[in-house]
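Here is input-v9.cif, consisting of mmCIF, C-alpha atoms:
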```cif
data_my_file
loop_
_atom_site.group_PDB
_atom_site.id
_atom_site.type_symbol
_atom_site.label_atom_id
_atom_site.label_comp_id
_atom_site.auth_asym_id
_atom_site.auth_seq_id
_atom_site.Cartn_x
_atom_site.Cartn_y
_atom_site.Cartn_z
ATOM 1 C CA MET A 1 2.249 34.592 11.930
ATOM 2 C CA GLU A 2 6.015 35.136 11.839
ATOM 3 C CA GLY A 3 8.025 32.879 9.546
ATOM 4 C CA ARG A 4 4.963 31.463 7.792
ATOM 5 C CA THR A 5 4.524 31.771 4.049
ATOM 6 C CA VAL A 6 0.986 31.504 2.751
ATOM 7 C CA LEU A 7 0.952 29.874 -0.665
ATOM 8 C CA ASP A 8 -1.875 30.322 -3.125
ATOM 9 C CA SER A 9 -2.309 31.098 -6.803
ATOM 10 C CA ARG A 10 -1.393 34.761 -6.167
ATOM 11 C CA ASN A 11 1.712 33.811 -4.146
ATOM 12 C CA PRO A 12 3.023 30.567 -5.717
ATOM 13 C CA HIS A 13 5.850 28.457 -4.331
ATOM 14 C CA PRO A 14 9.148 29.840 -5.714
ATOM 15 C CA VAL A 15 10.217 26.477 -7.193
ATOM 16 C CA HIS A 16 7.047 24.416 -7.708
ATOM 17 C CA GLY A 17 4.416 27.019 -8.633
ATOM 18 C CA THR A 18 0.997 26.149 -7.259
ATOM 19 C CA VAL A 19 1.109 23.573 -4.485
ATOM 20 C CA THR A 20 -1.186 21.603 -2.195
ATOM 21 C CA ASP A 21 -0.642 21.235 1.545
ATOM 22 C CA PHE A 22 -0.049 17.680 2.724
ATOM 23 C CA SER A 23 0.305 16.514 6.301
ATOM 24 C CA GLN A 24 1.349 13.068 7.471
ATOM 25 C CA GLY A 25 0.476 13.930 11.061
ATOM 26 C CA GLU A 26 2.667 11.818 13.311
ATOM 27 C CA GLY A 27 3.528 9.490 10.397
ATOM 28 C CA ASP A 28 6.709 11.322 9.343
ATOM 29 C CA PRO A 29 9.365 10.818 12.023
ATOM 30 C CA GLU A 30 11.721 13.241 10.265
ATOM 31 C CA TYR A 31 9.201 16.105 10.340
ATOM 32 C CA PRO A 32 6.374 15.222 12.771
ATOM 33 C CA ARG A 33 3.252 17.390 12.628
ATOM 34 C CA THR A 34 4.778 19.357 9.740
ATOM 35 C CA ARG A 35 2.635 20.394 6.797
ATOM 36 C CA ARG A 36 4.462 19.712 3.568
ATOM 37 C CA VAL A 37 3.715 21.163 0.170
ATOM 38 C CA LEU A 38 3.550 19.035 -2.952
ATOM 39 C CA PRO A 39 3.432 20.515 -6.450
ATOM 40 C CA ASP A 40 -0.042 20.437 -7.964
ATOM 41 C CA ILE A 41 -0.652 18.053 -10.839
ATOM 42 C CA PRO A 42 -0.202 20.347 -13.867
ATOM 43 C CA GLU A 43 -3.482 21.464 -15.415
ATOM 44 C CA ALA A 44 -2.522 19.817 -18.722
ATOM 45 C CA LEU A 45 -2.312 16.411 -16.985
ATOM 46 C CA ARG A 46 -5.515 16.596 -14.928
ATOM 47 C CA GLY A 47 -7.637 15.356 -17.814
ATOM 48 C CA ASN A 48 -5.027 12.861 -19.050
ATOM 49 C CA ALA A 49 -6.787 9.655 -20.118
ATOM 50 C CA LEU A 50 -4.203 7.372 -18.487
ATOM 51 C CA LEU A 51 -4.307 9.296 -15.200
ATOM 52 C CA LEU A 52 -8.111 9.129 -15.114
ATOM 53 C CA ARG A 53 -8.100 5.423 -16.001
ATOM 54 C CA LEU A 54 -5.625 4.627 -13.189
ATOM 55 C CA LEU A 55 -7.705 6.653 -10.737
ATOM 56 C CA ARG A 56 -10.909 4.848 -11.761
ATOM 57 C CA TRP A 57 -9.191 1.440 -11.570
ATOM 58 C CA ASP A 58 -7.892 2.168 -8.059
ATOM 59 C CA ILE A 59 -11.354 3.323 -6.940
ATOM 60 C CA GLU A 60 -12.919 0.120 -8.313
ATOM 61 C CA GLN A 61 -10.548 -1.912 -6.133
ATOM 62 C CA VAL A 62 -11.927 -0.396 -2.907
ATOM 63 C CA LEU A 63 -15.623 0.022 -3.733
ATOM 64 C CA SER A 64 -16.541 -3.434 -2.418
ATOM 65 C CA LEU A 65 -15.058 -2.675 1.004
ATOM 66 C CA LYS A 66 -17.506 -2.014 3.843
ATOM 67 C CA ASN A 67 -16.345 1.481 4.835
ATOM 68 C CA LEU A 68 -15.665 2.763 1.328
ATOM 69 C CA GLY A 69 -18.371 1.477 -0.988
ATOM 70 C CA ARG A 70 -21.350 3.430 0.337
ATOM 71 C CA ARG A 71 -20.012 6.908 0.947
ATOM 72 C CA PRO A 72 -18.155 9.640 -0.918
ATOM 73 C CA LEU A 73 -14.420 9.097 -1.338
ATOM 74 C CA TRP A 74 -11.521 11.451 -0.890
ATOM 75 C CA ALA A 75 -8.764 10.945 -3.461
ATOM 76 C CA GLY A 76 -5.320 12.443 -3.099
ATOM 77 C CA VAL A 77 -3.196 12.281 -6.254
ATOM 78 C CA HIS A 78 0.523 13.044 -6.131
ATOM 79 C CA LEU A 79 3.248 12.709 -8.741
ATOM 80 C CA ILE A 80 6.543 12.136 -6.917
ATOM 81 C CA ARG A 81 9.821 12.435 -8.804
ATOM 82 C CA LEU A 82 13.216 11.412 -7.475
ATOM 83 C CA GLY A 83 15.879 12.822 -9.783
ATOM 84 C CA VAL A 84 19.667 12.713 -9.932
ATOM 85 C CA ASP A 85 21.886 14.895 -12.105
ATOM 86 C CA ARG A 86 25.296 13.240 -11.747
ATOM 87 C CA PRO A 87 27.070 10.056 -10.621
ATOM 88 C CA GLY A 88 27.482 9.755 -6.860
ATOM 89 C CA GLN A 89 24.323 11.746 -6.148
ATOM 90 C CA ASP A 90 21.423 10.149 -4.240
ATOM 91 C CA ALA A 91 17.782 11.209 -4.353
ATOM 92 C CA VAL A 92 16.119 10.259 -1.075
ATOM 93 C CA SER A 93 12.416 10.141 -0.290
ATOM 94 C CA SER A 94 11.081 11.578 2.949
ATOM 95 C CA PRO A 95 10.749 10.044 5.402
ATOM 96 C CA ASN A 96 13.838 7.949 4.745
ATOM 97 C CA CYS A 97 12.691 4.999 6.859
ATOM 98 C CA LEU A 98 9.796 2.571 7.100
ATOM 99 C CA HIS A 99 6.740 4.705 7.837
ATOM 100 C CA GLN A 100 2.979 5.041 7.652
ATOM 101 C CA ASP A 101 1.281 7.940 5.912
ATOM 102 C CA GLY A 102 -1.271 8.477 8.665
ATOM 103 C CA GLY A 103 -4.815 9.633 8.202
ATOM 104 C CA SER A 104 -7.943 7.506 8.322
ATOM 105 C CA ALA A 105 -7.761 3.839 9.309
ATOM 106 C CA SER A 106 -9.589 3.266 6.006
ATOM 107 C CA THR A 107 -6.891 4.859 3.819
ATOM 108 C CA PHE A 108 -5.562 2.818 0.915
ATOM 109 C CA THR A 109 -2.516 3.907 -1.063
ATOM 110 C CA PHE A 110 -1.862 2.864 -4.655
ATOM 111 C CA ALA A 111 1.493 3.443 -6.358
ATOM 112 C CA HIS A 112 2.006 3.315 -10.138
ATOM 113 C CA LEU A 113 5.448 3.694 -11.717
ATOM 114 C CA ILE A 114 5.259 6.312 -14.467
ATOM 115 C CA SER A 115 8.893 6.372 -15.570
ATOM 116 C CA ARG A 116 12.301 5.063 -14.578
ATOM 117 C CA THR A 117 15.218 6.363 -16.626
ATOM 118 C CA ASN A 118 18.956 5.945 -16.015
ATOM 119 C CA VAL A 119 18.726 5.142 -12.304
ATOM 120 C CA THR A 120 19.500 2.312 -9.940
ATOM 121 C CA GLY A 121 17.907 1.692 -6.557
ATOM 122 C CA GLY A 122 14.400 2.763 -5.644
ATOM 123 C CA GLN A 123 13.697 -0.475 -3.766
ATOM 124 C CA ASN A 124 10.220 -0.717 -2.210
ATOM 125 C CA VAL A 125 9.753 -2.444 1.142
ATOM 126 C CA ILE A 126 6.459 -3.314 2.849
ATOM 127 C CA ALA A 127 6.648 -4.251 6.544
ATOM 128 C CA THR A 128 4.539 -4.486 9.691
ATOM 129 C CA PRO A 129 3.242 -1.307 11.363
ATOM 130 C CA GLY A 130 5.575 -2.006 14.287
ATOM 131 C CA SER A 131 8.530 -1.607 11.912
ATOM 132 C CA ALA A 132 7.728 2.089 11.302
ATOM 133 C CA GLY A 133 10.733 4.264 12.132
ATOM 134 C CA LEU A 134 13.214 1.486 11.336
ATOM 135 C CA GLN A 135 15.443 0.966 8.325
ATOM 136 C CA PRO A 136 14.640 -2.136 6.220
ATOM 137 C CA GLU A 137 18.041 -3.640 7.036
ATOM 138 C CA ASP A 138 17.466 -3.360 10.814
ATOM 139 C CA PRO A 139 17.378 -6.920 12.198
ATOM 140 C CA TRP A 140 14.095 -6.321 14.036
ATOM 141 C CA ALA A 141 12.267 -4.945 10.971
ATOM 142 C CA ASP A 142 9.506 -7.427 10.083
ATOM 143 C CA ILE A 143 9.430 -7.343 6.270
ATOM 144 C CA HIS A 144 6.458 -8.620 4.222
ATOM 145 C CA ALA A 145 7.809 -7.774 0.740
ATOM 146 C CA ASP A 146 10.910 -6.287 -0.888
ATOM 147 C CA PHE A 147 10.795 -5.400 -4.608
ATOM 148 C CA THR A 148 11.749 -2.786 -7.190
ATOM 149 C CA LEU A 149 9.317 -1.316 -9.707
ATOM 150 C CA THR A 150 11.059 -1.364 -13.085
ATOM 151 C CA ASP A 151 8.500 -1.135 -15.898
ATOM 152 C CA PRO A 152 5.995 1.647 -16.563
ATOM 153 C CA LEU A 153 2.720 1.019 -14.685
ATOM 154 C CA ASP A 154 4.303 -1.536 -12.332
ATOM 155 C CA GLY A 155 2.650 -0.865 -9.017
ATOM 156 C CA TYR A 156 1.343 -1.962 -5.666
ATOM 157 C CA ALA A 157 -1.358 -1.086 -3.155
ATOM 158 C CA VAL A 158 -1.319 -1.041 0.636
ATOM 159 C CA HIS A 159 -3.863 -0.558 3.403
ATOM 160 C CA ASP A 160 -1.819 2.089 5.164
ATOM 161 C CA HIS A 161 -3.112 1.325 8.670
ATOM 162 C CA ARG A 162 -1.979 -2.322 8.456
ATOM 163 C CA VAL A 163 1.578 -1.882 7.125
ATOM 164 C CA SER A 164 4.571 0.417 6.987
ATOM 165 C CA HIS A 165 6.406 1.111 3.736
ATOM 166 C CA TYR A 166 9.665 2.535 2.386
ATOM 167 C CA VAL A 167 11.325 3.532 -0.856
ATOM 168 C CA GLY A 168 15.114 3.372 -1.051
ATOM 169 C CA PRO A 169 17.404 6.032 -2.526
ATOM 170 C CA VAL A 170 17.705 6.434 -6.270
ATOM 171 C CA ARG A 171 21.197 6.749 -7.741
ATOM 172 C CA ALA A 172 22.492 7.695 -11.180
ATOM 173 C CA GLY A 173 22.641 4.831 -13.667
ATOM 174 C CA SER A 174 25.468 3.979 -16.055
ATOM 175 C CA GLU A 175 24.287 6.140 -18.982
ATOM 176 C CA PRO A 176 25.471 9.750 -19.341
ATOM 177 C CA GLY A 177 23.093 12.474 -18.236
ATOM 178 C CA PRO A 178 20.456 12.807 -15.532
ATOM 179 C CA GLY A 179 18.201 10.058 -14.234
ATOM 180 C CA GLU A 180 14.769 9.983 -12.642
ATOM 181 C CA ARG A 181 12.079 7.784 -11.113
ATOM 182 C CA SER A 182 8.535 9.160 -11.213
ATOM 183 C CA ILE A 183 5.660 7.489 -9.438
ATOM 184 C CA LEU A 184 1.989 8.333 -9.220
ATOM 185 C CA ILE A 185 0.589 7.966 -5.700
ATOM 186 C CA ILE A 186 -3.187 7.750 -5.278
ATOM 187 C CA GLY A 187 -4.556 7.761 -1.740
ATOM 188 C CA LEU A 188 -8.213 6.789 -1.213
ATOM 189 C CA ALA A 189 -10.179 7.225 2.011
ATOM 190 C CA PRO A 190 -13.736 7.982 3.117
ATOM 191 C CA TYR A 191 -14.544 11.639 2.591
ATOM 192 C CA ILE A 192 -15.083 13.412 5.903
ATOM 193 C CA PRO A 193 -16.395 16.981 5.627
ATOM 194 C CA GLN A 194 -14.375 19.446 7.709
ATOM 195 C CA LEU A 195 -15.522 22.729 9.128
#
```
Please express what this file holds, its structure, as structure tokens.
Amino acid sequence: MEGRTVLDSRNPHPVHGTVTDFSQGEGDPEYPRTRRVLPDIPEALRGNALLLRLLRWDIEQVLSLKNLGRRPLWAGVHLIRLGVDRPGQDAVSSPNCLHQDGGSASTFTFAHLISRTNVTGGQNVIATPGSAGLQPEDPWADIHADFTLTDPLDGYAVHDHRVSHYVGPVRAGSEPGPGERSILIIGLAPYIPQL
């Protein structure tokens, strides 16, 4: 197919190395129906005790739910970093609006702050599903919560089908040098075999 790059271990992504396809379906208004690639969790981190403990804790939170406790689970684990190198630069998440991640109506998303160094911003907003596509400051956005994760392992969880969510831009802090905000995203849903 013209213009398509197939990425695998023999043909890694030029910047991120090995990657995993990720699709938000219709949930990303900036790039609808577009498959995105996210860097794989590095091999050295896959057995990390903290990562495994967070994953197990998140799974325990959903096991008592009707549609998740009696069947295999799918777990998607992503480490998302927003980084800035200089003052005046913004790092913006995509999509840059209130949105839903799509997928199963039984999908739960957990977010755990891993690090936050020399940055400002990064506000999290949780709103109604009808607010998807809006900016948090839009007068008709129906906001449930507005907060900023500041300490390592601060976090939140959402039932993706019942809310929309947003993370604001990250900007350079007052210290010299680069800044970054890294967050671990764990998505849990019923496993559905695909042919």
Give me, please, the distance in Å between CA of Phe147 in chain A and CA of His165 in chain A, quoted to one decimal. 11.5 Å
Output the residue selection produced by the PyMOL selection byres ((chain A and resi 179) around 12) on the file above, formatted as a VMD selection string. chain A and resid 81 to 91 115 to 122 170 to 178 180 to 182
Gap from CA of Asp142 in chain A to CA of Val163 in chain A - Å, one decimal: 10.1 Å
From the options A:Gly76, A:Pro193, A:Gly168, A:Gly130, which residue's atoms come nearest to Gln100 in chain A, counting all atoms listed in the file? A:Gly130
Show me, as lines of an AutoDock Vina configuration file, the centre and edge lengths in Å to one decimal of the axis-aligned box that covers every listed atom of range 85-91 of chain A with 3 Å on each side.
```
center_x = 22.6
center_y = 12.3
center_z = -8.2
size_x = 15.7
size_y = 11.1
size_z = 13.9
```
I'd like the neighbourhood of Tyr166 in chain A as an NGL selection string, where a residue qualifies if any of its atoms comes within 10 Å (using all atoms listed in the file), though same-chain residues fewer than 3 positions away should be ignored. :A and (93-100 or 122-127 or 132-136 or 146 or 169)
Do a neighbour search on range 106-111 of chain A at 7 Å with only C-alpha atoms, toss out local chain neighbours closer than 4 positions, and write the hits as a list of chain:residue names. A:Asp58, A:Gly155, A:Tyr156, A:Ala157, A:Val158, A:His159, A:Asp160, A:Ile183, A:Leu184, A:Ile185, A:Ile186, A:Gly187, A:Leu188, A:Ala189, A:Pro190
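Our summary of the geometry notes that CA of Ile59 in chain A is positioned 27.8 Å from CA of Ser131 in chain A.
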Among A:Ser164, A:Thr128, A:Thr150, A:Ser104, Leu68 in chain A is approached most closely, using only C-alpha atoms, by A:Ser104
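Distance check against Val62 in chain A using all atoms listed in the file: of A:Ile114, A:Leu50, A:Ala75, A:Val92, the minimum falls on A:Ala75.
Using all atoms listed in the file, the smallest distance between any of A:Ile41, A:Leu149, A:Ala141, A:Leu63 and Leu79 in chain A comes from A:Ile41.
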